[in-house]
Structure formats: C-alpha cells, structure tokens
Amino acid sequence: MIWKNFILALNNAFNFNGRSRRSEFWAFVLVSSLFSAAAGFWDQRVFGTEVLETMLQVAFFLPSIAISTRRLHDVNRSGWWQLIAFTGIGALVLLYWYIKDSDIAPNDYGDGPKYGNDISSEKYSNDQIV
C-alpha cells in the first residue's frame with residue numbers, strides 16, 4: 001500500500017490541483033526519506049560527496065511541493081500556506097495540517113478522496129465518520 005501511494009504521488013508530481021489523503025502524503029515522505037538515506041549512505045562509500053543525495057533532492061523537489069499542496073487542499077487550505085515554514089514556528093502549524101484528518105464534505109478544492117462524493121457537510125460531522 002505504501003508503494004502504491006508513493007507511485008500515485010509521483011504520477012501526480014506536477015498536479016497542484018485536487019486533494020490528497022494523509023496516506024498518500026506520508027507514503028511519499030517515508031519512501032523519499034528512505035531513498036535519501038540510502039543515497040547518503042552510498043554517497044559516503046562510493047563518491048565521498050553528496051552526488052546521489054543531491055540528485056534525489058532535485059528530482060523530488062517539485063513532487064514534494066505538489067503533494068504538500070494537495071494535502072493542504074484536503075484540509076481546505078491553500079498551497080501557499082507552505083511558505084509559513086520559513087517562519088520557524090510555521091513548520092509546526094504545517095505539521096498539524098499534514099496530520100489532520102480530511103475534510104468530510106467537498107471543499108473549495110474538490111470532492112474528498114477519503115469519503116467520496118455522497119457526503120454533505122450538513123448531514124455529517126467529523127465525529128460521526130469512523
């Protein structure tokens with residue numbers, strides 16, 4: 001399931017529209033971190049510099065911004081909120097939004113990928129969905 005979500009995130013690497021669930025976001029974070037750690041390991045043993053790790057950072061730069069934007073859309077926030085990470089304390093706010101459950105009802109960014117199209121905000125609340 002982790003690989004499926006990671007591949008889904010990579011397939012949408014240049015898609016800044018729509019919404020992404022927590023599982024897709026965190027699968028991308030986990031797998032890209034594992035790739036980065038492995039690249040760092042091999043960089044030290046083979047090259048003595050950070051060649052592979054730098055290449056991976058460049059390769060994952062746009063996909064990470066795209067998945068973060070879609071994850072913020074899932075909690076009804078604009079992707080521009082990523083810029084608050086530069087304030088320092090803003091990284092904690094972003095972490096909260098990344099951990100937060102999806103909006104139940106369709107929001108400004110589309111239908112929810114978790115609950116489907118048939119749920120309306122008037123009928124359900126976050127407490128009623130399990």
# chains A, B, ... in the order shown; residues from 1 in each chain; ligands from 1
call {"tool": "residues_around", "arguments": {"residues": "Phe6 in chain A", "least_positions_apart": "5", "cutoff": "12 Å", "atoms": "only C-alpha atoms", "output": "PyMOL selection string"}}
result
chain A and resi 1+11-13+20-35+60+63-64+67
call {"tool": "write_last_selection", "arguments": {"atoms": "C-alpha atoms", "output": "compact mmCIF listing (two decimals), in the first residue's frame"}}
result
# COMPACT_ATOMS: atom_id res chain seq x y z
CA MET A 1 0.00 0.00 0.00
CA ASN A 11 2.19 10.19 -11.08
CA ASN A 12 0.73 13.48 -9.85
CA ALA A 13 4.13 15.13 -9.48
CA SER A 20 -4.51 14.05 -1.45
CA ARG A 21 -5.16 11.87 1.55
CA ARG A 22 -2.82 11.53 4.51
CA SER A 23 -1.76 8.04 3.42
CA GLU A 24 -0.54 9.31 0.04
CA PHE A 25 1.31 12.23 1.62
CA TRP A 26 3.02 10.23 4.37
CA ALA A 27 3.89 7.36 1.99
CA PHE A 28 5.68 9.88 -0.21
CA VAL A 29 7.50 11.36 2.80
CA LEU A 30 8.54 7.92 4.08
CA VAL A 31 9.75 6.47 0.78
CA SER A 32 11.55 9.63 -0.34
CA SER A 33 13.27 9.80 3.07
CA LEU A 34 14.37 6.16 2.73
CA PHE A 35 15.71 6.85 -0.76
CA PHE A 60 11.81 15.09 -5.53
CA PRO A 63 6.71 16.36 -6.44
CA SER A 64 7.09 17.23 -2.74
CA ILE A 67 1.89 16.58 -2.76
call {"tool": "select_by_dssp", "arguments": {"residues": "range 59-126 of chain A", "states": "alpha helix (DSSP H)", "output": "list in words"}}
result
Ala59, Phe60, Phe61, Leu62, Pro63, Ser64, Ile65, Ala66, Ile67, Ser68, Thr69, Arg70, Arg71, Leu72, His73, Asp74, Gly90, Ala91, Leu92, Val93, Leu94, Leu95, Tyr96, Trp97, Tyr98 and Ile99 of chain A
call {"tool": "write_last_selection", "arguments": {"atoms": "C-alpha atoms", "output": "PDB file, in the first residue's frame"}}
result
ATOM      1  CA  ALA A  59      14.208  15.009  -8.508  1.00  0.00           C
ATOM      2  CA  PHE A  60      11.811  15.088  -5.528  1.00  0.00           C
ATOM      3  CA  PHE A  61      11.606  18.884  -5.190  1.00  0.00           C
ATOM      4  CA  LEU A  62       8.544  19.571  -7.377  1.00  0.00           C
ATOM      5  CA  PRO A  63       6.715  16.358  -6.441  1.00  0.00           C
ATOM      6  CA  SER A  64       7.087  17.230  -2.743  1.00  0.00           C
ATOM      7  CA  ILE A  65       5.667  20.715  -3.274  1.00  0.00           C
ATOM      8  CA  ALA A  66       2.798  19.267  -5.318  1.00  0.00           C
ATOM      9  CA  ILE A  67       1.892  16.582  -2.760  1.00  0.00           C
ATOM     10  CA  SER A  68       2.108  19.137   0.051  1.00  0.00           C
ATOM     11  CA  THR A  69      -0.186  21.482  -1.864  1.00  0.00           C
ATOM     12  CA  ARG A  70      -2.749  18.761  -2.477  1.00  0.00           C
ATOM     13  CA  ARG A  71      -2.530  17.656   1.179  1.00  0.00           C
ATOM     14  CA  LEU A  72      -3.234  21.227   2.308  1.00  0.00           C
ATOM     15  CA  HIS A  73      -6.151  21.339  -0.136  1.00  0.00           C
ATOM     16  CA  ASP A  74      -7.535  18.254   1.618  1.00  0.00           C
ATOM     17  CA  GLY A  90       5.083  27.783  10.990  1.00  0.00           C
ATOM     18  CA  ALA A  91       6.556  24.323  10.446  1.00  0.00           C
ATOM     19  CA  LEU A  92       4.589  23.133  13.480  1.00  0.00           C
ATOM     20  CA  VAL A  93       1.379  24.562  12.036  1.00  0.00           C
ATOM     21  CA  LEU A  94       2.073  22.774   8.756  1.00  0.00           C
ATOM     22  CA  LEU A  95       2.767  19.539  10.606  1.00  0.00           C
ATOM     23  CA  TYR A  96      -0.618  19.854  12.343  1.00  0.00           C
ATOM     24  CA  TRP A  97      -2.371  20.326   8.988  1.00  0.00           C
ATOM     25  CA  TYR A  98      -0.475  17.404   7.451  1.00  0.00           C
ATOM     26  CA  ILE A  99      -1.571  15.168  10.347  1.00  0.00           C
TER      27      ILE A  99
END
call {"tool": "atom_distance", "arguments": {"atom1": "CA of Gly79 in chain A", "atom2": "CA of Phe14 in chain A"}}
result
13.4 Å
call {"tool": "atom_distance", "arguments": {"atom1": "CA of Arg77 in chain A", "atom2": "CA of Ala105 in chain A"}}
result
14.0 Å
call {"tool": "atom_distance", "arguments": {"atom1": "CA of Leu8 in chain A", "atom2": "CA of Pro113 in chain A"}}
result
12.9 Å
call {"tool": "residues_around", "arguments": {"residues": "Gly112 in chain A", "least_positions_apart": "4", "cutoff": "8 Å", "atoms": "only C-alpha atoms", "output": "PyMOL selection string"}}
result
chain A and resi 19+74+102-107+116-117
call {"tool": "write_last_selection", "arguments": {"atoms": "C-alpha atoms", "output": "PDB file, in the first residue's frame"}}
result
ATOM      1  CA  ARG A  19      -6.778  16.769  -2.889  1.00  0.00           C
ATOM      2  CA  ASP A  74      -7.535  18.254   1.618  1.00  0.00           C
ATOM      3  CA  SER A 102      -9.505  15.089   5.665  1.00  0.00           C
ATOM      4  CA  ASP A 103     -12.470  17.392   5.361  1.00  0.00           C
ATOM      5  CA  ILE A 104     -15.589  15.268   5.082  1.00  0.00           C
ATOM      6  CA  ALA A 105     -17.540  17.325   2.614  1.00  0.00           C
ATOM      7  CA  PRO A 106     -16.360  18.657  -0.718  1.00  0.00           C
ATOM      8  CA  ASN A 107     -14.432  21.869  -0.148  1.00  0.00           C
ATOM      9  CA  GLY A 116     -16.440  10.112  -1.613  1.00  0.00           C
ATOM     10  CA  ASN A 117     -18.969  12.363  -3.257  1.00  0.00           C
TER      11      ASN A 117
END
call {"tool": "residues_around", "arguments": {"residues": "Thr49 in chain A", "least_positions_apart": "5", "cutoff": "9 Å", "atoms": "only C-alpha atoms", "output": "PyMOL selection string"}}
result
chain A and resi 40+43-44
